[in-house]
Each structure stands twice: as C-alpha cells, then as structure tokens.
file data-v1.csv (CSV, C-alpha atoms)
chain,number,residue,atom,x,y,z
S,1,MET,CA,-29.5,11.3,113.4
S,2,THR,CA,-27.4,9.8,110.6
S,3,THR,CA,-29.2,12.1,108.1
S,4,LEU,CA,-28.6,15.1,110.4
S,5,MET,CA,-24.9,14.3,110.8
S,6,LYS,CA,-24.4,13.9,107.1
S,7,ALA,CA,-26.1,17.3,106.6
S,8,THR,CA,-23.6,19.0,108.9
S,9,GLU,CA,-20.9,18.2,106.2
S,10,LEU,CA,-18.5,17.4,109.0
S,11,SER,CA,-16.1,14.5,108.5
S,12,TYR,CA,-17.1,11.9,111.0
S,13,SER,CA,-16.8,8.2,111.7
S,14,GLU,CA,-19.3,5.9,113.3
S,15,ILE,CA,-18.6,3.6,116.2
S,16,PRO,CA,-21.3,1.6,117.9
S,17,GLY,CA,-23.8,4.1,119.4
S,18,PHE,CA,-21.8,7.2,118.5
S,19,PHE,CA,-20.6,9.5,115.8
S,20,GLN,CA,-17.0,10.5,116.3
S,21,VAL,CA,-15.6,13.8,115.0
S,22,THR,CA,-12.1,15.2,115.5
S,23,PHE,CA,-11.8,19.0,115.4
S,24,ASP,CA,-8.8,21.1,114.8
S,25,ILE,CA,-8.6,23.8,117.6
S,26,ALA,CA,-8.2,27.2,116.1
S,27,ASP,CA,-4.9,29.0,116.3
S,28,SER,CA,-3.1,26.0,117.9
S,29,PRO,CA,-1.8,22.6,116.9
S,30,ARG,CA,-4.3,21.0,119.2
S,31,LYS,CA,-7.1,18.6,118.2
S,32,HIS,CA,-10.1,17.3,120.2
S,33,THR,CA,-12.2,14.3,119.5
S,34,ILE,CA,-15.8,14.5,120.4
S,35,TYR,CA,-18.7,12.0,120.4
S,36,MET,CA,-22.3,12.4,119.7
S,37,ARG,CA,-24.8,9.6,120.6
S,38,SER,CA,-26.5,8.2,117.5
S,39,SER,CA,-29.9,8.2,119.3
S,40,ALA,CA,-31.6,10.9,121.3
S,41,GLU,CA,-32.9,10.6,124.9
S,42,GLU,CA,-36.5,11.5,125.4
S,43,TYR,CA,-38.4,12.9,128.4
S,44,ASN,CA,-42.0,13.7,127.6
S,45,SER,CA,-41.7,16.4,124.8
S,46,LEU,CA,-37.9,16.8,125.3
S,47,LYS,CA,-35.6,15.1,122.9
S,48,ALA,CA,-31.9,15.5,122.8
S,49,ALA,CA,-28.7,13.6,122.0
S,50,GLU,CA,-25.7,13.9,124.2
S,51,ALA,CA,-22.5,15.3,122.6
S,52,PHE,CA,-19.4,15.1,124.7
S,53,GLY,CA,-15.7,15.4,124.9
S,54,ILE,CA,-13.5,13.7,127.4
S,55,VAL,CA,-11.6,16.3,129.5
S,56,TRP,CA,-9.9,14.2,132.1
S,57,GLU,CA,-9.3,10.4,132.6
S,58,SER,CA,-7.3,8.2,134.9
S,59,THR,CA,-7.1,4.7,136.3
S,60,ASP,CA,-7.5,6.3,139.7
S,61,ALA,CA,-10.6,8.0,141.2
S,62,ALA,CA,-10.7,11.8,140.8
S,63,PRO,CA,-9.3,13.3,144.0
S,64,LYS,CA,-11.5,15.8,145.9
S,65,GLU,CA,-9.5,18.8,144.8
S,66,LEU,CA,-9.9,17.9,141.2
S,67,LEU,CA,-13.6,17.4,141.5
S,68,GLU,CA,-13.9,20.7,143.3
S,69,LYS,CA,-11.9,22.5,140.7
S,70,ALA,CA,-13.7,21.0,137.7
S,71,PHE,CA,-17.2,21.3,138.9
S,72,SER,CA,-16.8,24.9,140.0
S,73,TYR,CA,-16.5,26.0,136.4
S,74,ARG,CA,-19.6,27.6,135.0
S,75,PHE,CA,-20.8,27.2,131.4
S,76,LYS,CA,-23.2,29.1,129.4
S,77,ALA,CA,-24.6,25.8,128.2
S,78,GLY,CA,-23.8,22.2,129.0
S,79,GLY,CA,-21.7,21.0,131.9
S,80,LEU,CA,-19.6,18.2,133.3
S,81,ALA,CA,-20.2,14.6,134.3
S,82,TYR,CA,-18.0,12.3,136.3
S,83,GLU,CA,-18.0,8.8,134.9
S,84,ARG,CA,-16.8,5.9,137.0
S,85,PRO,CA,-15.5,2.6,135.6
S,86,SER,CA,-18.2,0.4,134.2
S,87,GLU,CA,-18.6,-2.6,131.9
S,88,ALA,CA,-18.2,-0.3,128.9
S,89,GLN,CA,-14.9,1.3,130.0
S,90,ASN,CA,-12.4,0.9,132.8
S,91,LEU,CA,-11.4,4.5,133.5
S,92,HIS,CA,-12.5,7.3,135.8
S,93,ARG,CA,-13.5,10.2,133.4
S,94,ILE,CA,-14.8,13.7,133.4
S,95,ARG,CA,-16.6,14.7,130.3
S,96,TYR,CA,-18.0,18.0,129.1
S,97,ARG,CA,-21.5,17.3,127.7
S,98,LEU,CA,-24.0,19.3,125.8
S,99,HIS,CA,-27.4,18.0,124.7
S,100,ILE,CA,-28.5,18.8,121.2
S,101,ASP,CA,-32.1,18.6,120.0
S,102,PRO,CA,-32.1,16.6,116.8
S,103,ARG,CA,-34.8,18.9,115.5
S,104,ARG,CA,-32.2,21.7,115.1
S,105,ASP,CA,-30.9,22.3,111.6
S,106,ALA,CA,-27.6,21.0,110.4
S,107,LYS,CA,-25.9,24.4,110.6
S,108,GLN,CA,-26.8,24.8,114.3
S,109,VAL,CA,-25.7,21.2,115.1
S,110,ARG,CA,-22.4,21.9,113.4
S,111,GLU,CA,-21.9,25.0,115.5
S,112,LEU,CA,-22.9,23.3,118.7
S,113,LEU,CA,-20.5,20.4,118.1
S,114,ALA,CA,-17.7,22.9,117.5
S,115,ILE,CA,-18.6,24.4,120.9
S,116,VAL,CA,-18.4,21.0,122.5
S,117,ALA,CA,-14.9,20.5,121.0
S,118,SER,CA,-13.5,23.8,121.9
S,119,THR,CA,-14.9,23.8,125.4
S,120,SER,CA,-13.7,20.2,126.0
S,121,ASP,CA,-10.2,21.2,124.8
S,122,PHE,CA,-10.2,24.2,127.1
S,123,MET,CA,-11.2,22.1,130.1
S,124,GLU,CA,-8.7,19.5,129.2
S,125,LYS,CA,-6.0,22.1,129.4
S,126,GLU,CA,-7.4,23.4,132.7
S,127,LEU,CA,-7.4,20.0,134.3
S,128,ASN,CA,-4.3,18.4,132.8
S,129,GLY,CA,-2.0,21.1,131.7
S,130,GLU,CA,-0.9,21.7,128.1
S,131,GLU,CA,-0.5,18.1,127.1
S,132,ASP,CA,-3.0,17.4,124.2
S,133,LYS,CA,-4.6,14.0,125.2
S,134,GLN,CA,-7.9,13.9,123.4
E,1,MET,CA,-10.7,8.6,113.1
E,2,SER,CA,-11.9,11.5,111.0
E,3,LEU,CA,-10.7,15.0,111.2
E,4,THR,CA,-12.7,18.1,110.4
E,5,SER,CA,-11.0,21.2,109.1
E,6,LEU,CA,-13.7,23.4,110.7
E,7,SER,CA,-12.0,26.4,112.3
E,8,LEU,CA,-13.1,27.1,115.9
E,9,LEU,CA,-13.1,30.8,116.6
E,10,THR,CA,-15.5,31.7,119.3
E,11,ALA,CA,-16.5,28.6,121.0
E,12,LEU,CA,-15.2,28.9,124.5
E,13,LEU,CA,-18.0,29.0,127.0
E,14,MET,CA,-16.2,29.5,130.2
E,15,THR,CA,-17.5,32.4,132.1
E,16,PRO,CA,-17.3,33.5,135.7
E,17,ALA,CA,-20.5,33.0,137.7
E,18,MET,CA,-22.9,35.6,136.3
E,19,PRO,CA,-24.6,37.4,139.1
E,20,GLN,CA,-28.3,37.8,138.4
E,21,GLU,CA,-29.3,41.3,139.5
E,22,ALA,CA,-32.6,41.7,141.2
E,23,SER,CA,-33.7,44.0,138.4
E,24,ALA,CA,-33.0,41.2,135.9
E,25,LEU,CA,-36.4,39.8,136.7
E,26,ASP,CA,-38.0,42.9,135.2
E,27,SER,CA,-35.6,43.2,132.3
E,28,PRO,CA,-36.9,42.5,128.8
E,29,GLU,CA,-35.4,39.0,129.0
E,30,GLY,CA,-36.8,38.4,132.4
E,31,ARG,CA,-40.3,39.5,131.2
E,32,ARG,CA,-40.0,37.2,128.2
E,33,MET,CA,-39.2,34.3,130.5
E,34,GLU,CA,-42.0,35.3,132.9
E,35,ALA,CA,-44.5,35.2,130.0
E,36,ALA,CA,-43.3,31.7,129.0
E,37,LEU,CA,-43.6,30.6,132.7
E,38,LYS,CA,-47.1,32.0,132.8
E,39,ALA,CA,-48.0,30.1,129.7
E,40,THR,CA,-47.0,26.8,131.3
E,41,GLY,CA,-49.8,27.2,133.8
E,42,PHE,CA,-47.4,26.5,136.7
E,43,SER,CA,-47.7,28.6,139.8
E,44,TYR,CA,-44.5,30.5,140.0
E,45,GLY,CA,-42.9,33.2,142.1
E,46,ARG,CA,-39.7,35.1,142.8
E,47,SER,CA,-36.9,33.9,144.9
E,48,GLN,CA,-36.4,35.6,148.3
E,49,ASP,CA,-33.3,37.4,147.0
E,50,GLN,CA,-35.3,38.5,143.9
E,51,LYS,CA,-32.7,37.0,141.6
E,52,ALA,CA,-34.6,34.1,140.0
E,53,PHE,CA,-38.1,32.9,139.2
E,54,ILE,CA,-39.1,29.9,141.2
E,55,VAL,CA,-41.4,27.0,140.9
E,56,LEU,CA,-42.1,24.7,143.9
E,57,PHE,CA,-42.5,21.0,143.4
E,58,SER,CA,-44.0,18.8,146.1
E,59,ARG,CA,-43.3,15.1,146.7
E,60,GLU,CA,-44.9,13.0,149.4
E,61,GLY,CA,-42.8,12.7,152.5
E,62,GLU,CA,-40.3,15.2,151.2
E,63,PRO,CA,-39.7,18.9,151.7
E,64,ASN,CA,-40.8,21.0,148.7
E,65,ARG,CA,-38.2,21.3,146.0
E,66,THR,CA,-37.4,24.7,144.6
E,67,VAL,CA,-36.6,24.9,140.9
E,68,ASN,CA,-35.0,28.2,140.0
E,69,ILE,CA,-35.1,29.8,136.6
E,70,ALA,CA,-32.4,32.4,135.8
E,71,PRO,CA,-34.1,35.5,134.3
E,72,VAL,CA,-31.3,36.4,131.9
E,73,PRO,CA,-30.1,34.0,129.2
E,74,SER,CA,-26.6,33.3,128.1
E,75,ALA,CA,-26.0,33.4,124.3
E,76,VAL,CA,-24.2,30.3,123.1
E,77,GLY,CA,-24.1,29.7,119.3
E,78,PRO,CA,-27.7,29.5,118.2
E,79,MET,CA,-29.0,29.3,121.8
E,80,GLN,CA,-30.3,31.8,124.3
E,81,GLY,CA,-30.1,29.5,127.3
E,82,HIS,CA,-31.8,30.2,130.6
E,83,LEU,CA,-30.3,28.1,133.4
E,84,ILE,CA,-32.9,26.1,135.3
E,85,TYR,CA,-31.5,24.7,138.5
E,86,SER,CA,-32.1,23.2,141.9
E,87,THR,CA,-30.0,22.7,145.0
E,88,ILE,CA,-29.2,19.1,145.9
E,89,TRP,CA,-26.9,19.6,148.9
E,90,ARG,CA,-25.6,22.6,150.8
E,91,GLY,CA,-23.1,22.6,153.7
E,92,SER,CA,-19.4,23.1,154.2
E,93,ASN,CA,-16.5,21.0,153.1
E,94,PRO,CA,-18.2,18.2,151.1
E,95,SER,CA,-16.3,14.9,151.1
E,96,GLN,CA,-14.7,13.3,148.1
E,97,GLU,CA,-17.3,10.5,148.3
E,98,LEU,CA,-20.1,13.0,148.3
E,99,LEU,CA,-18.7,14.9,145.4
E,100,SER,CA,-18.0,11.8,143.3
E,101,THR,CA,-21.5,10.4,144.1
E,102,ALA,CA,-23.3,13.6,143.1
E,103,MET,CA,-21.2,14.3,140.1
E,104,SER,CA,-21.5,10.7,138.7
E,105,ALA,CA,-25.2,10.3,139.1
E,106,ILE,CA,-25.6,11.0,135.4
E,107,GLN,CA,-29.0,12.0,134.2
E,108,LYS,CA,-30.5,12.1,130.7
E,109,TYR,CA,-29.8,15.8,130.4
E,110,GLY,CA,-28.1,18.5,132.5
E,111,SER,CA,-25.2,18.5,134.8
E,112,PRO,CA,-24.3,19.0,138.5
E,113,TYR,CA,-22.1,21.8,139.5
E,114,LEU,CA,-20.6,23.4,142.6
E,115,LEU,CA,-21.1,26.9,143.9
E,116,LYS,CA,-19.2,28.4,146.8
E,117,ALA,CA,-20.8,31.4,148.4
E,118,GLN,CA,-19.4,32.8,151.6
E,119,ASP,CA,-18.9,29.8,154.0
E,120,GLN,CA,-21.4,27.5,152.2
E,121,THR,CA,-20.9,25.1,149.3
E,122,TYR,CA,-23.8,24.2,147.1
E,123,ILE,CA,-24.2,21.2,144.9
E,124,ARG,CA,-26.7,22.1,142.3
E,125,PHE,CA,-28.1,20.4,139.2
E,126,GLY,CA,-29.0,22.4,136.2
E,127,GLU,CA,-29.8,22.5,132.5
E,128,THR,CA,-30.3,25.3,130.1
E,129,PHE,CA,-33.5,26.0,128.2
E,130,ASP,CA,-33.4,27.8,124.9
E,131,ILE,CA,-35.9,30.6,125.1
E,132,ASN,CA,-35.7,30.9,121.3
E,133,LEU,CA,-38.0,27.9,121.2
E,134,VAL,CA,-40.8,29.9,122.7
E,135,ALA,CA,-42.8,32.7,120.9
E,136,ALA,CA,-42.2,36.2,122.3
E,137,GLU,CA,-45.8,36.4,123.5
E,138,PRO,CA,-46.6,32.7,124.1
E,139,THR,CA,-50.0,31.1,124.8
E,140,ALA,CA,-50.4,27.7,126.4
E,141,ASP,CA,-50.7,26.2,122.9
E,142,ASP,CA,-47.3,27.6,121.8
E,143,PRO,CA,-45.2,24.6,120.7
E,144,GLY,CA,-42.3,25.8,122.9
E,145,VAL,CA,-44.2,25.9,126.1
E,146,LYS,CA,-44.5,22.2,126.6
E,147,PRO,CA,-40.7,21.7,126.5
E,148,LEU,CA,-40.3,24.4,129.1
E,149,LYS,CA,-42.8,22.7,131.3
E,150,ASP,CA,-41.1,19.4,130.8
E,151,MET,CA,-37.7,20.9,131.5
E,152,LEU,CA,-39.0,22.2,134.9
E,153,TYR,CA,-40.4,18.7,135.7
E,154,PHE,CA,-37.1,17.1,134.6
E,155,VAL,CA,-34.9,19.3,136.7
E,156,ASP,CA,-37.0,18.6,139.7
E,157,ALA,CA,-37.0,14.8,139.0
E,158,ALA,CA,-33.3,14.6,138.2
E,159,SER,CA,-32.3,16.7,141.3
E,160,HIS,CA,-34.4,14.4,143.5
E,161,ALA,CA,-32.8,11.3,141.8
E,162,ILE,CA,-29.3,12.6,142.6
E,163,LEU,CA,-30.4,13.4,146.2
E,164,LEU,CA,-31.5,9.8,146.6
E,165,GLU,CA,-28.0,8.6,145.6
E,166,VAL,CA,-26.4,11.0,148.1
E,167,ARG,CA,-28.7,9.7,150.8
E,168,LYS,CA,-27.3,6.2,150.3
E,169,LEU,CA,-23.9,7.4,151.6
E,170,PRO,CA,-22.9,6.9,155.2
E,171,ALA,CA,-23.7,10.0,157.3
E,172,GLU,CA,-20.0,10.7,157.8
E,173,GLN,CA,-19.4,10.9,154.1
E,174,ARG,CA,-22.7,12.7,153.4
E,175,GLY,CA,-21.5,15.5,155.8
E,176,GLU,CA,-23.6,17.9,157.7
E,177,GLY,CA,-25.3,19.4,154.7
E,178,SER,CA,-28.8,18.9,153.6
E,179,GLY,CA,-30.7,18.9,150.4
call {"tool": "encode", "arguments": {"input": "data-v1.csv", "output": "structure tokens"}}
result
Amino acid sequence: MTTLMKATELSYSEIPGFFQVTFDIADSPRKHTIYMRSSAEEYNSLKAAEAFGIVWESTDAAPKELLEKAFSYRFKAGGLAYERPSEAQNLHRIRYRLHIDPRRDAKQVRELLAIVASTSDFMEKELNGEEDKQ
Amino acid sequence: MSLTSLSLLTALLMTPAMPQEASALDSPEGRRMEAALKATGFSYGRSQDQKAFIVLFSREGEPNRTVNIAPVPSAVGPMQGHLIYSTIWRGSNPSQELLSTAMSAIQKYGSPYLLKAQDQTYIRFGETFDINLVAAEPTADDPGVKPLKDMLYFVDAASHAILLEVRKLPAEQRGEGSG
C-alpha cells in the first residue's frame, strides 16, 4: 500500500495503521482530512482497504433523528458507519467510507480518495452545519 | 498533517434514491450484469417488482435471505458500481437502540442504510460492485467473475451478522419489524 500511496503523488503522512491526507475542497476555504488503512481487508478473492473521512463526532451518542437523517442519504459508492467509543478512541463518530482495491492503479486511487474527501466534507456540512471541523 | 493541493471538482456522490425501472433489467447494463451473474453459476431470478436481480441464500434454521443486485450501475470516478444489497430489518419507527446497533455493526466492506417507503422503514446493508472488473461477455473463468460471486456471498454473510447483533436487543428496542 505504501508503494501505491507514493505513486498517487499525493502529499500524505503516516500514522500507525493509516495514511492521512488533507484535501483542499474546491471553490471553498474548506479542507477535509481523510484516512486510508495501510493494509487491505480480504474476503476470499476480495481485497480492499477502507478509506474514510469523519463526518460527525460527539462525546454523546448520536440521537435517533441524526441517525435517521445521516443513514437515509444514498451514495453511488461507499456509505456511512457509526462508530461507538472503543479502546482506540473515546467518541461517537459517523464516518463516510469507501473501499479501494489496492490492485487499482495510482490515478484511480487518487481519484477515489478525492471522492472520499469531498463526500465526507459534504456530509459534514449536512450533519453539522457550515463549521469546518475535519 | 499534510495537505494536498488537488482540486476537487466533481466528487460529490449524493444522489436521491434512484428508482430502478422494471425495464432496467433488460437494458444493456442490466443484460451485462445478467451475463456476469450467469457466469457465477448462481441460480438467480428477478425480484417480484421486476426491479432487481435476486439470489437466494439459505442458512440452516433461518429463512432464506434475498440478495438483490441493482441492474443499472452508478458511475463514480473510475467505477461503474452496481449496488448489491439485502434487507436486515423492516418495520415502522425503528428505535434509537436499533438504529445505533445496526449502523455500528461495522463489516469489512459495505455499509448499512435506511430506506423509507410508504409506511415502512427498511434497514439494508449494501456494497457496490464495479462491473468494469468483468468482461462484457464473461465466462466462468473470467477473472472478474469470482469477485462478483464473493461479493454476493459477502453481502449475505454481513447482512446476517448485523441481523444477529439486532437480535441481541430486547424485544421492545428491536421493535415490531423483522429481518
């Protein structure tokens, strides 16, 4: 995955288990940071690494209305996941996630990561208002 | 933290629910997906409303699970993704506990989502399959056919795994719906 990330020519940093990339959002002062797992999950012949952006987070559990609103959005690819506090992190989070096959070429990966960033930023605005949090 | 200067022009994916017309099954895209399904060797059919291809999965002691395959793909970047999905729960007025349980039962791939239709709410699980991976006229040996087959297996298995999490809830939180 490191070779593939380098080939995308994106400017990224590495944190344990993840590549981290911050995108400028076109035609706005907004930015969005996304994460891509540095190893892919496998299921028989399937192989893909999760790329995601955080679209909502709170110390409190997501209320029913928020879950209904968020998970009623439809995406052409990828979708949302609700993450509860765990040993790894102590917040309730909703993330937009898209799985990327590491056998794709660097240009496609770059394009898909940009889609993760812009979709995550859009959902962040939908769920939080205009404040740029991520 | 690093910053990329990549300009994002057309990346938004949000779209209203795309109704799949009955004729979509027989569209060129639908026929291409049907050829891919045929190559998997699975026994498949058409949904009652003629809006999706379906494959039934059986599991001992459980009702058959229907996995649906949308006949028309959505174009996203380099992908032509067909949604492959299954219903986990349907009923009215799902509780917060039910929603948070289903939506946080994170699987290797794919995501749960809500669909409201008339007086029913559906909790579904789905993942897209890029038809570009499969040859236009595939045979069983086509390298893209095995991933399609495995995606169908995966959506069945992941949907069942989420259902098992939902069943752990007390009946009053699980609601009157069923999987």
call {"tool": "residues_near_point", "arguments": {"input": "data-v1.csv", "point": "(-15.5, 18.8, 133.2)", "cutoff": "8 Å", "atoms": "all atoms listed in the file", "output": "list in words"}}
result
Ile54, Val55, Trp56, Ala70, Phe71, Tyr73, Gly79, Leu80, Ala81, Tyr82, Ile94, Arg95, Tyr96, Ser120, Met123 and Glu124 of chain S
call {"tool": "closest_residue", "arguments": {"input": "data-v1.csv", "among": "S:Lys47, S:His92, S:Arg104, S:Lys64", "to": "chain E", "atoms": "all atoms listed in the file"}}
result
S:Lys64
call {"tool": "residues_around", "arguments": {"input": "data-v1.csv", "residues": "segment 33-41 of chain S", "least_positions_apart": "6", "cutoff": "10 Å", "atoms": "only C-alpha atoms", "output": "PyMOL selection string"}}
result
(chain S and resi 1-2+5+12-24+47-54+95-102+113-114+116-118+120-121+133-134) or (chain E and resi 1-4+108-109)
call {"tool": "atom_distance", "arguments": {"input": "data-v1.csv", "atom1": "atom CA of Thr139 of chain E", "atom2": "atom CA of Leu37 of chain E"}}
result
10.2 Å
call {"tool": "closest_residue", "arguments": {"input": "data-v1.csv", "among": "E:Thr101, E:Asn68, E:Gln107, E:Ser43", "to": "Lys168 of chain E", "atoms": "all atoms listed in the file"}}
result
E:Thr101
call {"tool": "closest_residue", "arguments": {"input": "data-v1.csv", "among": "E:Gly110, E:Pro170, E:Gly45, E:Pro143", "to": "chain S", "atoms": "all atoms listed in the file"}}
result
E:Gly110
call {"tool": "closest_residue", "arguments": {"input": "data-v1.csv", "among": "S:Lys107, S:Lys125, S:Lys76, S:Arg93", "to": "chain E", "atoms": "all atoms listed in the file"}}
result
S:Lys76
call {"tool": "closest_residue", "arguments": {"input": "data-v1.csv", "among": "E:Pro71, E:Phe129, E:Ala105, E:Met79", "to": "Asp150 of chain E", "atoms": "all atoms listed in the file"}}
result
E:Phe129
call {"tool": "atom_distance", "arguments": {"input": "data-v1.csv", "atom1": "atom CA of Leu169 of chain E", "atom2": "atom CA of Leu127 of chain S"}}
result
27.0 Å
call {"tool": "closest_residue", "arguments": {"input": "data-v1.csv", "among": "S:Leu4, S:Ala106, S:Ala26, S:Ile115", "to": "Ala77 of chain S", "atoms": "all atoms listed in the file"}}
result
S:Ile115
call {"tool": "atom_distance", "arguments": {"input": "data-v1.csv", "atom1": "atom CA of Thr8 of chain S", "atom2": "atom CA of Lys31 of chain S"}}
result
18.9 Å
